[in-house]
>>> print(open('run_18.csv').read())   # CSV, C-alpha atoms and all ligand atoms
chain,number,residue,atom,x,y,z
M,1,MET,CA,17.4,-19.7,25.2
M,2,GLN,CA,19.5,-22.1,23.1
M,3,PRO,CA,22.5,-20.5,21.3
M,4,GLY,CA,21.9,-21.0,17.6
M,5,SER,CA,18.1,-21.3,18.1
M,6,GLU,CA,15.7,-19.5,15.8
M,7,ALA,CA,15.0,-17.0,18.6
M,8,SER,CA,18.7,-16.2,19.0
M,9,ARG,CA,19.2,-15.9,15.3
M,10,ARG,CA,16.2,-13.6,15.1
M,11,ILE,CA,17.6,-11.4,17.7
M,12,ALA,CA,21.0,-11.3,16.0
M,13,ARG,CA,19.2,-10.3,12.8
M,14,ILE,CA,17.3,-7.6,14.6
M,15,ASN,CA,20.3,-6.3,16.4
M,16,SER,CA,22.3,-6.1,13.2
M,17,HIS,CA,19.8,-3.4,12.1
M,18,LEU,CA,19.6,-1.4,15.2
M,19,HIS,CA,20.3,2.4,14.9
M,20,PRO,CA,21.7,3.2,17.5
M,21,PRO,CA,22.7,-0.1,19.1
M,22,VAL,CA,20.3,-1.3,21.8
M,23,SER,CA,21.1,-1.1,25.5
M,24,GLN,CA,21.6,-4.2,27.5
M,25,MET,CA,18.2,-3.8,29.1
M,26,GLU,CA,16.5,-3.4,25.8
M,27,GLU,CA,18.3,-6.4,24.5
M,28,THR,CA,17.0,-8.5,27.4
M,29,SER,CA,13.5,-7.4,26.7
M,30,LEU,CA,13.9,-8.3,22.9
M,31,LEU,CA,15.3,-11.7,23.9
M,32,ARG,CA,12.3,-12.4,26.1
M,33,ARG,CA,9.8,-11.5,23.4
M,34,ALA,CA,11.7,-13.5,20.7
M,35,THR,CA,11.9,-16.5,23.1
M,36,CYS,CA,8.1,-16.3,23.7
M,37,ARG,CA,7.5,-16.3,19.9
M,38,SER,CA,9.8,-19.2,19.4
M,39,GLN,CA,7.9,-21.1,22.0
M,40,GLY,CA,4.6,-20.7,20.1
M,41,GLY,CA,3.7,-17.3,21.6
M,42,ALA,CA,2.7,-14.4,19.4
M,43,SER,CA,4.4,-14.7,16.0
M,44,GLY,CA,4.4,-12.0,13.5
M,45,PHE,CA,5.6,-10.4,10.3
M,46,LYS,CA,8.4,-8.0,9.6
M,47,VAL,CA,7.1,-4.9,7.9
M,48,ALA,CA,9.0,-1.9,6.5
M,49,ILE,CA,7.6,1.5,5.8
M,50,LEU,CA,9.6,3.6,3.3
M,51,GLY,CA,8.7,7.3,3.6
M,52,ALA,CA,7.8,6.7,7.2
M,53,ALA,CA,8.3,10.3,8.4
M,54,GLY,CA,5.9,11.8,5.9
M,55,GLY,CA,2.2,12.8,6.1
M,56,ILE,CA,1.0,9.3,5.3
M,57,GLY,CA,4.1,7.5,6.8
M,58,GLN,CA,3.7,8.7,10.4
M,59,PRO,CA,0.1,7.8,11.0
M,60,LEU,CA,0.6,4.6,9.0
M,61,ALA,CA,3.6,3.7,11.3
M,62,LEU,CA,1.3,4.3,14.3
M,63,LEU,CA,-1.4,2.0,12.9
M,64,MET,CA,1.1,-0.7,12.0
M,65,LYS,CA,2.6,-0.5,15.5
M,66,MET,CA,-0.9,-1.3,16.7
M,67,ASN,CA,-1.3,-4.3,14.4
M,68,PRO,CA,-0.9,-7.6,16.4
M,69,LEU,CA,0.3,-9.4,13.2
M,70,VAL,CA,3.5,-7.2,13.1
M,71,SER,CA,6.5,-8.3,15.2
M,72,VAL,CA,9.1,-6.0,13.7
M,73,LEU,CA,8.5,-2.6,12.2
M,74,HIS,CA,11.2,-0.8,10.3
M,75,LEU,CA,10.7,2.9,9.6
M,76,TYR,CA,12.9,4.3,6.8
M,77,ASP,CA,13.0,7.9,5.5
M,78,VAL,CA,15.5,10.3,4.1
M,79,VAL,CA,14.6,12.8,6.9
M,80,ASN,CA,13.3,12.6,10.5
M,81,ALA,CA,13.2,8.8,10.8
M,82,PRO,CA,14.9,8.8,14.2
M,83,GLY,CA,12.4,11.1,15.8
M,84,VAL,CA,9.4,9.3,14.5
M,85,THR,CA,10.9,6.0,15.5
M,86,ALA,CA,11.6,7.2,19.1
M,87,ASP,CA,8.1,8.4,19.4
M,88,ILE,CA,6.3,5.3,18.0
M,89,SER,CA,8.6,2.9,19.9
M,90,HIS,CA,7.2,4.1,23.2
M,91,MET,CA,3.8,2.6,22.4
M,92,ASN,CA,3.3,-0.5,24.5
M,93,THR,CA,2.3,-2.8,21.7
M,94,GLY,CA,4.1,-5.9,20.5
M,95,ALA,CA,6.0,-4.8,17.4
M,96,VAL,CA,9.7,-3.9,17.9
M,97,VAL,CA,10.4,-0.6,16.1
M,98,ARG,CA,13.7,0.4,14.5
M,99,GLY,CA,14.5,3.6,12.5
M,100,PHE,CA,16.7,4.0,9.4
M,101,LEU,CA,17.8,7.3,8.0
M,102,GLY,CA,19.0,8.0,4.5
M,103,GLN,CA,20.2,5.9,1.5
M,104,PRO,CA,23.2,4.3,3.4
M,105,GLN,CA,20.7,2.6,5.8
M,106,LEU,CA,18.2,1.5,3.1
M,107,GLU,CA,19.5,-2.0,2.8
M,108,ASP,CA,19.5,-2.6,6.6
M,109,ALA,CA,15.9,-1.3,6.7
M,110,LEU,CA,14.8,-3.8,4.0
M,111,ALA,CA,16.8,-6.9,5.0
M,112,GLY,CA,14.5,-9.8,5.7
M,113,MET,CA,11.2,-7.9,5.4
M,114,ASP,CA,7.9,-9.8,4.7
M,115,LEU,CA,6.0,-6.7,3.6
M,116,VAL,CA,7.3,-3.4,2.4
M,117,VAL,CA,4.8,-0.4,2.3
M,118,ILE,CA,5.9,2.5,0.2
M,119,PRO,CA,4.4,6.0,0.7
M,120,ALA,CA,7.7,7.8,-0.2
M,121,GLY,CA,7.5,10.7,-2.6
M,122,VAL,CA,6.0,14.1,-3.2
M,123,PRO,CA,2.3,14.8,-2.9
M,124,ARG,CA,0.1,17.0,-5.1
M,125,LYS,CA,-0.7,20.7,-4.7
M,126,PRO,CA,-3.9,22.4,-6.0
M,127,GLY,CA,-4.0,22.4,-9.8
M,128,MET,CA,-1.7,19.4,-10.2
M,129,THR,CA,-2.6,16.0,-11.5
M,130,ARG,CA,-1.1,12.8,-10.1
M,131,ASP,CA,0.8,12.5,-13.3
M,132,ASP,CA,2.6,15.8,-12.6
M,133,LEU,CA,4.4,13.9,-9.7
M,134,PHE,CA,5.9,11.4,-12.1
M,135,ASN,CA,9.2,13.2,-12.7
M,136,ILE,CA,10.1,13.1,-9.0
M,137,ASN,CA,8.4,10.0,-7.7
M,138,ALA,CA,9.4,7.7,-10.6
M,139,GLY,CA,13.1,8.0,-9.5
M,140,ILE,CA,12.3,7.6,-5.8
M,141,VAL,CA,10.3,4.4,-6.5
M,142,LYS,CA,13.0,3.0,-8.8
M,143,THR,CA,15.7,3.5,-6.1
M,144,LEU,CA,13.6,1.9,-3.4
M,145,CYS,CA,12.7,-1.1,-5.6
M,146,GLU,CA,16.3,-1.6,-6.3
M,147,GLY,CA,16.9,-1.9,-2.6
M,148,ILE,CA,14.0,-4.5,-2.4
M,149,VAL,CA,15.7,-6.5,-5.2
M,150,LYS,CA,18.9,-6.7,-3.1
M,151,CYS,CA,17.5,-7.2,0.4
M,152,CYS,CA,14.0,-8.8,0.4
M,153,PRO,CA,13.2,-9.9,-3.2
M,154,LYS,CA,10.4,-12.1,-1.8
M,155,ALA,CA,8.6,-9.4,0.2
M,156,VAL,CA,5.1,-8.4,-0.7
M,157,VAL,CA,5.2,-4.7,-1.8
M,158,ASN,CA,2.3,-2.3,-1.2
M,159,LEU,CA,3.0,0.7,-3.5
M,160,ILE,CA,1.2,4.0,-2.5
M,161,SER,CA,3.4,6.6,-4.2
M,162,ASN,CA,1.7,8.4,-7.0
M,163,PRO,CA,1.0,8.2,-9.9
M,164,VAL,CA,0.2,4.6,-8.9
M,165,ASN,CA,-0.9,3.9,-12.5
M,166,SER,CA,2.7,4.4,-13.5
M,167,THR,CA,4.7,3.6,-10.4
M,168,VAL,CA,3.5,0.0,-10.2
M,169,PRO,CA,4.7,-0.7,-13.8
M,170,ILE,CA,8.0,1.0,-12.9
M,171,ALA,CA,8.4,-1.3,-9.9
M,172,ALA,CA,7.6,-4.3,-12.1
M,173,GLU,CA,10.2,-3.3,-14.6
M,174,VAL,CA,12.9,-2.9,-11.9
M,175,PHE,CA,12.1,-6.4,-10.6
M,176,LYS,CA,12.0,-7.9,-14.1
M,177,LYS,CA,15.4,-6.4,-15.0
M,178,ALA,CA,16.8,-7.9,-11.8
M,179,GLY,CA,15.1,-11.3,-12.5
M,180,THR,CA,13.2,-11.2,-9.2
M,181,TYR,CA,9.7,-10.2,-10.5
M,182,ASP,CA,6.8,-12.1,-9.0
M,183,SER,CA,3.6,-10.4,-10.2
M,184,LYS,CA,1.8,-11.9,-7.1
M,185,ARG,CA,3.9,-9.8,-4.8
M,186,LEU,CA,3.5,-6.3,-6.2
M,187,LEU,CA,0.3,-4.5,-5.3
M,188,GLY,CA,-0.7,-0.9,-6.0
M,189,VAL,CA,-2.7,0.5,-3.2
M,190,THR,CA,-6.2,1.7,-4.4
M,191,MET,CA,-7.9,1.0,-1.0
M,192,LEU,CA,-8.6,4.7,-0.4
M,193,ASP,CA,-10.9,4.7,-3.4
M,194,VAL,CA,-12.8,1.9,-1.9
M,195,VAL,CA,-12.8,3.6,1.6
M,196,ARG,CA,-14.2,6.8,0.0
M,197,ALA,CA,-16.7,4.9,-2.1
M,198,ASN,CA,-18.0,3.1,0.9
M,199,THR,CA,-18.3,6.3,2.8
M,200,PHE,CA,-20.1,8.3,0.1
M,201,VAL,CA,-22.4,5.5,-0.9
M,202,ALA,CA,-23.4,5.0,2.8
M,203,GLU,CA,-24.2,8.7,3.1
M,204,VAL,CA,-26.6,8.5,0.1
M,205,LEU,CA,-28.2,5.3,1.4
M,206,GLY,CA,-28.3,6.6,5.0
M,207,ILE,CA,-26.6,3.5,6.4
M,208,ASP,CA,-23.4,2.7,8.4
M,209,PRO,CA,-20.3,2.9,6.1
M,210,ARG,CA,-18.9,-0.2,7.8
M,211,ASP,CA,-21.8,-2.2,6.3
M,212,VAL,CA,-21.1,-1.1,2.7
M,213,ASN,CA,-18.7,-2.6,0.2
M,214,VAL,CA,-18.2,-0.9,-3.2
M,215,PRO,CA,-15.8,-2.6,-5.7
M,216,VAL,CA,-13.6,0.2,-7.3
M,217,VAL,CA,-11.7,-1.0,-10.4
M,218,GLY,CA,-9.4,0.4,-13.1
M,219,GLY,CA,-6.7,2.6,-11.7
M,220,HIS,CA,-6.0,5.4,-9.2
M,221,ALA,CA,-6.3,8.7,-11.1
M,222,GLY,CA,-9.4,10.6,-12.3
M,223,VAL,CA,-11.4,8.8,-14.9
M,224,THR,CA,-9.4,5.6,-14.3
M,225,ILE,CA,-11.1,5.3,-10.9
M,226,LEU,CA,-14.3,3.3,-11.7
M,227,PRO,CA,-16.7,2.5,-8.9
M,228,LEU,CA,-19.0,-0.4,-9.8
M,229,LEU,CA,-22.2,1.0,-8.3
M,230,SER,CA,-24.2,-1.8,-9.8
M,231,GLN,CA,-22.3,-4.3,-7.6
M,232,VAL,CA,-22.6,-2.5,-4.2
M,233,ASN,CA,-23.0,-4.8,-1.2
M,234,PRO,CA,-25.7,-4.7,0.3
M,235,PRO,CA,-27.6,-4.8,-3.1
M,236,CYS,CA,-29.2,-1.4,-3.8
M,237,SER,CA,-30.2,0.8,-6.6
M,238,PHE,CA,-29.5,4.5,-7.4
M,239,THR,CA,-31.1,7.1,-9.5
M,240,PRO,CA,-29.1,8.4,-12.6
M,241,GLU,CA,-28.4,11.6,-10.6
M,242,GLU,CA,-27.1,9.6,-7.7
M,243,ILE,CA,-24.9,7.6,-10.0
M,244,SER,CA,-23.5,10.7,-11.6
M,245,TYR,CA,-22.9,12.4,-8.2
M,246,LEU,CA,-21.3,9.3,-6.6
M,247,THR,CA,-19.0,8.5,-9.6
M,248,ASP,CA,-17.8,12.1,-9.8
M,249,ARG,CA,-17.2,12.4,-6.0
M,250,ILE,CA,-15.3,9.1,-5.8
M,251,GLN,CA,-13.2,9.9,-8.9
M,252,ASN,CA,-12.3,13.4,-7.5
M,253,GLY,CA,-12.0,12.5,-3.8
M,254,GLY,CA,-8.2,13.0,-3.9
M,255,THR,CA,-8.6,16.5,-5.5
M,256,GLU,CA,-11.3,17.4,-2.9
M,257,VAL,CA,-8.7,16.9,-0.2
M,258,VAL,CA,-5.9,18.6,-2.1
M,259,GLU,CA,-8.0,21.7,-2.6
M,260,ALA,CA,-9.2,21.7,1.1
M,261,LYS,CA,-5.6,21.5,2.2
M,262,ALA,CA,-4.8,24.4,0.0
M,263,GLY,CA,-1.1,23.7,-0.7
M,264,ALA,CA,-0.4,21.7,2.5
M,265,GLY,CA,-0.5,18.3,0.7
M,266,SER,CA,-3.0,15.6,-0.2
M,267,ALA,CA,-4.9,12.9,1.8
M,268,THR,CA,-2.7,11.6,4.6
M,269,LEU,CA,-4.9,10.4,7.5
M,270,SER,CA,-7.6,8.7,5.5
M,271,MET,CA,-4.8,7.3,3.3
M,272,ALA,CA,-2.9,5.9,6.3
M,273,TYR,CA,-6.2,4.3,7.5
M,274,ALA,CA,-6.7,2.8,4.0
M,275,ALA,CA,-3.0,1.6,3.8
M,276,ALA,CA,-3.1,0.1,7.2
M,277,LYS,CA,-6.4,-1.8,6.3
M,278,PHE,CA,-4.8,-3.0,3.1
M,279,ALA,CA,-1.5,-4.0,4.7
M,280,ASP,CA,-3.5,-5.9,7.4
M,281,ALA,CA,-5.4,-7.8,4.6
M,282,CYS,CA,-2.0,-8.7,3.0
M,283,LEU,CA,-0.7,-10.0,6.3
M,284,ARG,CA,-3.8,-12.0,7.0
M,285,GLY,CA,-3.4,-13.5,3.5
M,286,LEU,CA,0.3,-14.3,4.2
M,287,ARG,CA,-0.8,-15.9,7.5
M,288,GLY,CA,-3.1,-18.2,5.5
M,289,ASP,CA,-6.5,-16.8,6.3
M,290,ALA,CA,-9.2,-17.8,3.8
M,291,GLY,CA,-11.4,-15.4,1.9
M,292,VAL,CA,-9.3,-12.2,2.1
M,293,VAL,CA,-10.5,-10.1,-0.8
M,294,GLU,CA,-9.6,-6.5,-1.5
M,295,CYS,CA,-9.3,-4.2,-4.6
M,296,SER,CA,-5.8,-3.5,-5.8
M,297,PHE,CA,-3.9,-2.4,-8.9
M,298,VAL,CA,-2.0,-5.5,-10.0
M,299,ALA,CA,-0.7,-7.4,-13.0
M,300,SER,CA,-3.9,-8.6,-14.6
M,301,GLN,CA,-5.6,-10.4,-17.4
M,302,VAL,CA,-9.0,-9.1,-16.6
M,303,THR,CA,-8.7,-6.6,-19.5
M,304,GLU,CA,-6.2,-6.4,-22.4
M,305,LEU,CA,-4.1,-4.0,-20.2
M,306,PRO,CA,-1.1,-5.5,-18.3
M,307,PHE,CA,-2.1,-3.8,-15.0
M,308,PHE,CA,-5.6,-3.2,-13.8
M,309,ALA,CA,-7.3,-2.6,-10.4
M,310,SER,CA,-10.0,-5.1,-9.4
M,311,LYS,CA,-10.9,-7.4,-6.6
M,312,VAL,CA,-8.0,-9.8,-5.7
M,313,ARG,CA,-7.9,-12.7,-3.4
M,314,LEU,CA,-4.9,-12.5,-1.0
M,315,GLY,CA,-3.0,-15.5,0.2
M,316,ARG,CA,0.3,-16.9,1.4
M,317,CYS,CA,2.1,-15.7,-1.8
M,318,GLY,CA,0.4,-12.3,-2.1
M,319,VAL,CA,-2.2,-12.2,-4.9
M,320,GLU,CA,-3.7,-15.7,-5.1
M,321,GLU,CA,-6.3,-14.8,-7.7
M,322,VAL,CA,-7.4,-11.8,-9.7
M,323,LEU,CA,-11.1,-11.9,-9.7
M,324,PRO,CA,-13.2,-11.0,-12.8
M,325,LEU,CA,-15.1,-7.7,-13.1
M,326,GLY,CA,-18.5,-9.3,-13.0
M,327,PRO,CA,-21.5,-8.0,-15.0
M,328,LEU,CA,-21.2,-4.2,-15.8
M,329,ASN,CA,-24.1,-2.0,-16.8
M,330,GLU,CA,-24.0,0.2,-19.9
M,331,PHE,CA,-22.8,3.3,-17.9
M,332,GLU,CA,-20.0,1.3,-16.4
M,333,ARG,CA,-19.0,-0.3,-19.8
M,334,ALA,CA,-18.7,3.2,-21.3
M,335,ARG,CA,-16.7,4.5,-18.3
M,336,LEU,CA,-14.4,1.4,-18.5
M,337,GLU,CA,-13.5,2.2,-22.1
M,338,LYS,CA,-12.5,5.8,-21.1
M,339,ALA,CA,-10.5,4.5,-18.1
M,340,LYS,CA,-8.6,2.0,-20.2
M,341,LYS,CA,-7.5,4.6,-22.7
M,342,GLU,CA,-5.9,6.8,-20.0
M,343,LEU,CA,-4.5,3.8,-18.1
M,344,ALA,CA,-2.7,2.4,-21.2
M,345,VAL,CA,-0.8,5.7,-21.5
M,346,SER,CA,0.1,5.8,-17.8
M,347,ILE,CA,1.3,2.2,-17.8
M,348,GLN,CA,3.4,2.7,-20.9
M,349,LYS,CA,5.0,5.8,-19.4
M,350,GLY,CA,6.1,3.8,-16.4
M,351,VAL,CA,7.4,0.9,-18.4
M,352,SER,CA,9.4,3.3,-20.7
M,353,PHE,CA,10.9,5.1,-17.7
M,354,ILE,CA,12.9,1.9,-17.0
M,355,ARG,CA,13.3,0.5,-20.5
M,356,LYS,CA,14.5,3.8,-22.0
M,401,LIG,N1,-2.2,5.5,-3.4
M,401,LIG,C1,-3.0,6.4,-2.9
M,401,LIG,O1,-4.2,6.2,-2.7
M,401,LIG,C2,-2.4,7.7,-2.4
M,401,LIG,C3,-1.1,8.1,-2.7
M,401,LIG,N2,-0.6,9.2,-2.2
M,401,LIG,C4,0.8,9.5,-2.5
M,401,LIG,O2,1.7,9.1,-1.4
M,401,LIG,C5,2.9,9.9,-1.5
M,401,LIG,C6,3.3,10.4,-0.2
M,401,LIG,O3,2.4,11.4,0.3
M,401,LIG,P1,2.6,12.1,1.6
M,401,LIG,O4,2.9,11.2,2.7
M,401,LIG,O5,1.4,13.0,1.8
M,401,LIG,O6,3.8,13.0,1.3
M,401,LIG,P2,4.9,13.7,2.3
M,401,LIG,O7,5.7,14.6,1.5
M,401,LIG,O8,4.2,14.2,3.5
M,401,LIG,O9,5.8,12.4,2.7
M,401,LIG,C7,6.6,11.8,1.8
M,401,LIG,C8,7.8,11.3,2.6
M,401,LIG,O10,8.6,10.6,1.7
M,401,LIG,C9,10.0,10.8,2.0
M,401,LIG,N3,10.9,10.6,0.9
M,401,LIG,C10,11.2,11.3,-0.2
M,401,LIG,N4,12.1,10.7,-0.9
M,401,LIG,C11,12.4,9.6,-0.3
M,401,LIG,C12,13.2,8.5,-0.6
M,401,LIG,N5,14.0,8.5,-1.7
M,401,LIG,N6,13.3,7.5,0.2
M,401,LIG,C13,12.5,7.4,1.3
M,401,LIG,N7,11.6,8.4,1.7
M,401,LIG,C14,11.6,9.5,0.8
M,401,LIG,C15,10.0,12.3,2.4
M,401,LIG,O11,11.1,12.6,3.2
M,401,LIG,C16,8.7,12.4,3.2
M,401,LIG,O12,8.9,12.1,4.6
M,401,LIG,C17,2.6,10.9,-2.6
M,401,LIG,O13,3.2,10.5,-3.8
M,401,LIG,C18,1.1,10.9,-2.7
M,401,LIG,O14,0.7,11.4,-4.0
M,401,LIG,C19,-1.3,10.0,-1.3
M,401,LIG,C20,-2.6,9.7,-1.0
M,401,LIG,C21,-3.3,8.6,-1.5
M,402,LIG,O1,-5.1,13.0,-4.7
M,402,LIG,C1,-3.9,12.8,-4.5
M,402,LIG,O2,-2.9,13.4,-5.0
M,402,LIG,C2,-3.6,11.8,-3.4
M,402,LIG,C3,-4.3,10.6,-3.7
M,402,LIG,O3,-3.9,9.8,-4.6
M,402,LIG,C4,-5.7,10.5,-3.2
M,402,LIG,O4,-6.0,11.2,-2.2
M,402,LIG,O5,-6.4,9.6,-3.7
>>> encode(input="run_18.csv", output="structure tokens", more="lines below")
Ligand SMILES: NC(=O)C1=CN([C@@H]2O[C@H](COP(=O)(O)OP(=O)(O)OC[C@H]3O[C@@H](n4cnc5c(N)ncnc54)[C@H](O)[C@@H]3O)[C@@H](O)[C@H]2O)C=CC1
Ligand SMILES: O=C([O-])CC(=O)C(=O)O
Amino acid sequence: MQPGSEASRRIARINSHLHPPVSQMEETSLLRRATCRSQGGASGFKVAILGAAGGIGQPLALLMKMNPLVSVLHLYDVVNAPGVTADISHMNTGAVVRGFLGQPQLEDALAGMDLVVIPAGVPRKPGMTRDDLFNINAGIVKTLCEGIVKCCPKAVVNLISNPVNSTVPIAAEVFKKAGTYDSKRLLGVTMLDVVRANTFVAEVLGIDPRDVNVPVVGGHAGVTILPLLSQVNPPCSFTPEEISYLTDRIQNGGTEVVEAKAGAGSATLSMAYAAAKFADACLRGLRGDAGVVECSFVASQVTELPFFASKVRLGRCGVEEVLPLGPLNEFERARLEKAKKELAVSIQKGVSFIRK
């Protein structure tokens, strides 16, 4: 390998973030892989997971380590990151895994990342709303986003931490304040709502959930979660009772899991699955694949609200296009008005947290 080549620079960059420093043997293996990539072999993206030792973070790290589009995977947490990293790093898949523990290592974890996925923060217990998490999670998201500003301002950010309806506006305000805001690169993860909607609708229709696609718009909490059952693919129709049952079940899917876990947290495994699916879609977009469309809570002009979840087309810069809602029926129009009222309050709460 040529000294000063992209491969050797890449290795130098990787090595500068290793905790602990790599052994000579490991270094040789990293060099071989980087050389292969620089010669047109498997290329890939650098992905960081912040909150990687948590209930979502661990299975998400596992799934991202299995993603062939990922060449470098950074696992950051304020606890247990070294153990999770050691464990995941033994998987014989392509991504090079490195762990980072605690605030002093945040900047190293973020340096040069293409995609940052954030499941850091506390989850709900029975009886709580997502908004009850605001006081703790708002500060966590603010700190992590300040790190992104410094170390990878051009990274695409997938924000999972609740309440998403407020944490996405918080992230936007942090980025605006620093002058690095690019609305195309900030995406709130609402994929679990789509995953649930596809599953529950498939159950009612008696078909394979993999063959179903339900757009879910609005936001990610209670009545702000609005499944568009009039736009299900494949086209189908439901009775009023089915519509009421499905809407209610999709809106309360998170609470269903929180209650079943009885104090041990909220959805982690289905969320990791949904987050991995969404991150993969973002990476395929970054790679330049055509026709990558998923629902996400993003800066939007689809309604009068500054943020809204709807279908978005993903591309080389993140969100290439926010797609319109399409025709809604009377039931959906009424639910949309309800959703917007609650969303407006949650968005403002996030904005005020930074502007106060
Ligand atoms: N967007 C969505 O659809 C969903 C969002 N969530 C949300 O995801 C978040 C995480 O949930 P779980 O993984 O179940 O919680 P968890 O408590 O199991 O894991 C959270 C992890 O974040 C870490 N953490 C805390 N402060 C941190 C900081 N300043 N920097 C880095 N890491 C930090 C913790 O050490 C812990 O390992 C919650 O806010 C939850 O409500 C959960 C499910 C679905
Ligand atoms: O319900 C929660 O607190 C976690 C969550 O967002 C979900 O499962 O949709």
>>> residues_around(input="run_18.csv", residues="Cys295 in chain M", least_positions_apart="6", cutoff="8 Å", atoms="only C-alpha atoms", output="list in words")
Thr190, Met191, Val194, Pro215, Val216, Val217, Ala309, Ser310, Lys311 and Val312 of chain M
>>> closest_residue(input="run_18.csv", among="M:Pro82, M:Pro68, M:Gly254, M:Pro240", to="ligand LIG 401 (chain M)", atoms="all atoms listed in the file")
M:Gly254
>>> residues_near_ligand(input="run_18.csv", ligand="ligand LIG 401 (chain M)", cutoff="6 Å", atoms="only C-alpha atoms and all ligand atoms", output="PDB file with C-alpha atoms, keeping the file's coordinate frame")
ATOM      1  CA  LEU M  50       9.600   3.600   3.300  1.00  0.00           C
ATOM      2  CA  GLY M  51       8.700   7.300   3.600  1.00  0.00           C
ATOM      3  CA  ALA M  53       8.300  10.300   8.400  1.00  0.00           C
ATOM      4  CA  GLY M  54       5.900  11.800   5.900  1.00  0.00           C
ATOM      5  CA  GLY M  55       2.200  12.800   6.100  1.00  0.00           C
ATOM      6  CA  ILE M  56       1.000   9.300   5.300  1.00  0.00           C
ATOM      7  CA  GLY M  57       4.100   7.500   6.800  1.00  0.00           C
ATOM      8  CA  ASP M  77      13.000   7.900   5.500  1.00  0.00           C
ATOM      9  CA  VAL M  78      15.500  10.300   4.100  1.00  0.00           C
ATOM     10  CA  VAL M  79      14.600  12.800   6.900  1.00  0.00           C
ATOM     11  CA  PRO M 119       4.400   6.000   0.700  1.00  0.00           C
ATOM     12  CA  ALA M 120       7.700   7.800  -0.200  1.00  0.00           C
ATOM     13  CA  GLY M 121       7.500  10.700  -2.600  1.00  0.00           C
ATOM     14  CA  VAL M 122       6.000  14.100  -3.200  1.00  0.00           C
ATOM     15  CA  PRO M 123       2.300  14.800  -2.900  1.00  0.00           C
ATOM     16  CA  ARG M 124       0.100  17.000  -5.100  1.00  0.00           C
ATOM     17  CA  ILE M 140      12.300   7.600  -5.800  1.00  0.00           C
ATOM     18  CA  ILE M 160       1.200   4.000  -2.500  1.00  0.00           C
ATOM     19  CA  SER M 161       3.400   6.600  -4.200  1.00  0.00           C
ATOM     20  CA  ASN M 162       1.700   8.400  -7.000  1.00  0.00           C
ATOM     21  CA  VAL M 189      -2.700   0.500  -3.200  1.00  0.00           C
ATOM     22  CA  THR M 190      -6.200   1.700  -4.400  1.00  0.00           C
ATOM     23  CA  LEU M 192      -8.600   4.700  -0.400  1.00  0.00           C
ATOM     24  CA  GLY M 265      -0.500  18.300   0.700  1.00  0.00           C
ATOM     25  CA  SER M 266      -3.000  15.600  -0.200  1.00  0.00           C
ATOM     26  CA  ALA M 267      -4.900  12.900   1.800  1.00  0.00           C
ATOM     27  CA  THR M 268      -2.700  11.600   4.600  1.00  0.00           C
ATOM     28  CA  MET M 271      -4.800   7.300   3.300  1.00  0.00           C
TER      29      MET M 271
END
>>> closest_residue(input="run_18.csv", among="M:Gly139, M:Pro227, M:Pro324, M:Pro163", to="ligand LIG 402 (chain M)", atoms="all atoms listed in the file")
M:Pro163
>>> residues_around(input="run_18.csv", residues="Val96 in chain M", least_positions_apart="3", cutoff="10 Å", atoms="all atoms listed in the file", output="list of chain:residue names")
M:Ile14, M:Leu30, M:Arg33, M:Lys46, M:Lys65, M:Val70, M:Ser71, M:Val72, M:Leu73, M:His74, M:Ile88, M:Ser89, M:His90, M:Met91, M:Asn92, M:Thr93
>>> residues_around(input="run_18.csv", residues="Arg316 in chain M", least_positions_apart="4", cutoff="9 Å", atoms="all atoms listed in the file", output="PDB file with C-alpha atoms, in the frame of the given file")
ATOM      1  CA  CYS M 282      -2.000  -8.700   3.000  1.00  0.00           C
ATOM      2  CA  LEU M 283      -0.700 -10.000   6.300  1.00  0.00           C
ATOM      3  CA  ARG M 284      -3.800 -12.000   7.000  1.00  0.00           C
ATOM      4  CA  GLY M 285      -3.400 -13.500   3.500  1.00  0.00           C
ATOM      5  CA  LEU M 286       0.300 -14.300   4.200  1.00  0.00           C
ATOM      6  CA  ARG M 287      -0.800 -15.900   7.500  1.00  0.00           C
ATOM      7  CA  GLY M 288      -3.100 -18.200   5.500  1.00  0.00           C
ATOM      8  CA  ASP M 289      -6.500 -16.800   6.300  1.00  0.00           C
ATOM      9  CA  GLU M 320      -3.700 -15.700  -5.100  1.00  0.00           C
TER      10      GLU M 320
END
>>> closest_residue(input="run_18.csv", among="M:Leu205, M:Ala344, M:Ile49, M:Val258", to="Asn233 in chain M", atoms="all atoms listed in the file")
M:Leu205
>>> residues_near_point(input="run_18.csv", point="(-10.0, 2.2, 2.4)", cutoff="12 Å", atoms="only C-alpha atoms", output="JSON, numbers by chain")
{"M": [189, 190, 191, 192, 193, 194, 195, 196, 197, 198, 199, 209, 210, 212, 213, 214, 215, 216, 250, 267, 269, 270, 271, 272, 273, 274, 275, 276, 277, 278, 279, 280, 281, 294, 295, 296]}
>>> atom_distance(input="run_18.csv", atom1="CA of Pro126 in chain M", atom2="CA of Glu259 in chain M")
5.4 Å
>>> residues_near_point(input="run_18.csv", point="(17.2, -2.8, -1.3)", cutoff="12 Å", atoms="all atoms listed in the file", output="count of residues only")
33
>>> closest_residue(input="run_18.csv", among="M:Val302, M:Phe45, M:Gly83, M:Ile118", to="Ala95 in chain M", atoms="only C-alpha atoms")
M:Phe45
>>> atom_distance(input="run_18.csv", atom1="CA of Ile243 in chain M", atom2="CA of Leu323 in chain M")
23.9 Å
>>> residues_around(input="run_18.csv", residues="Phe307 in chain M", least_positions_apart="2", cutoff="12 Å", atoms="only C-alpha atoms", output="number ranges by chain")
M: 164-172, 183-184, 186-188, 217-220, 224, 296-305, 309-310, 322, 340, 343-348, 350-351
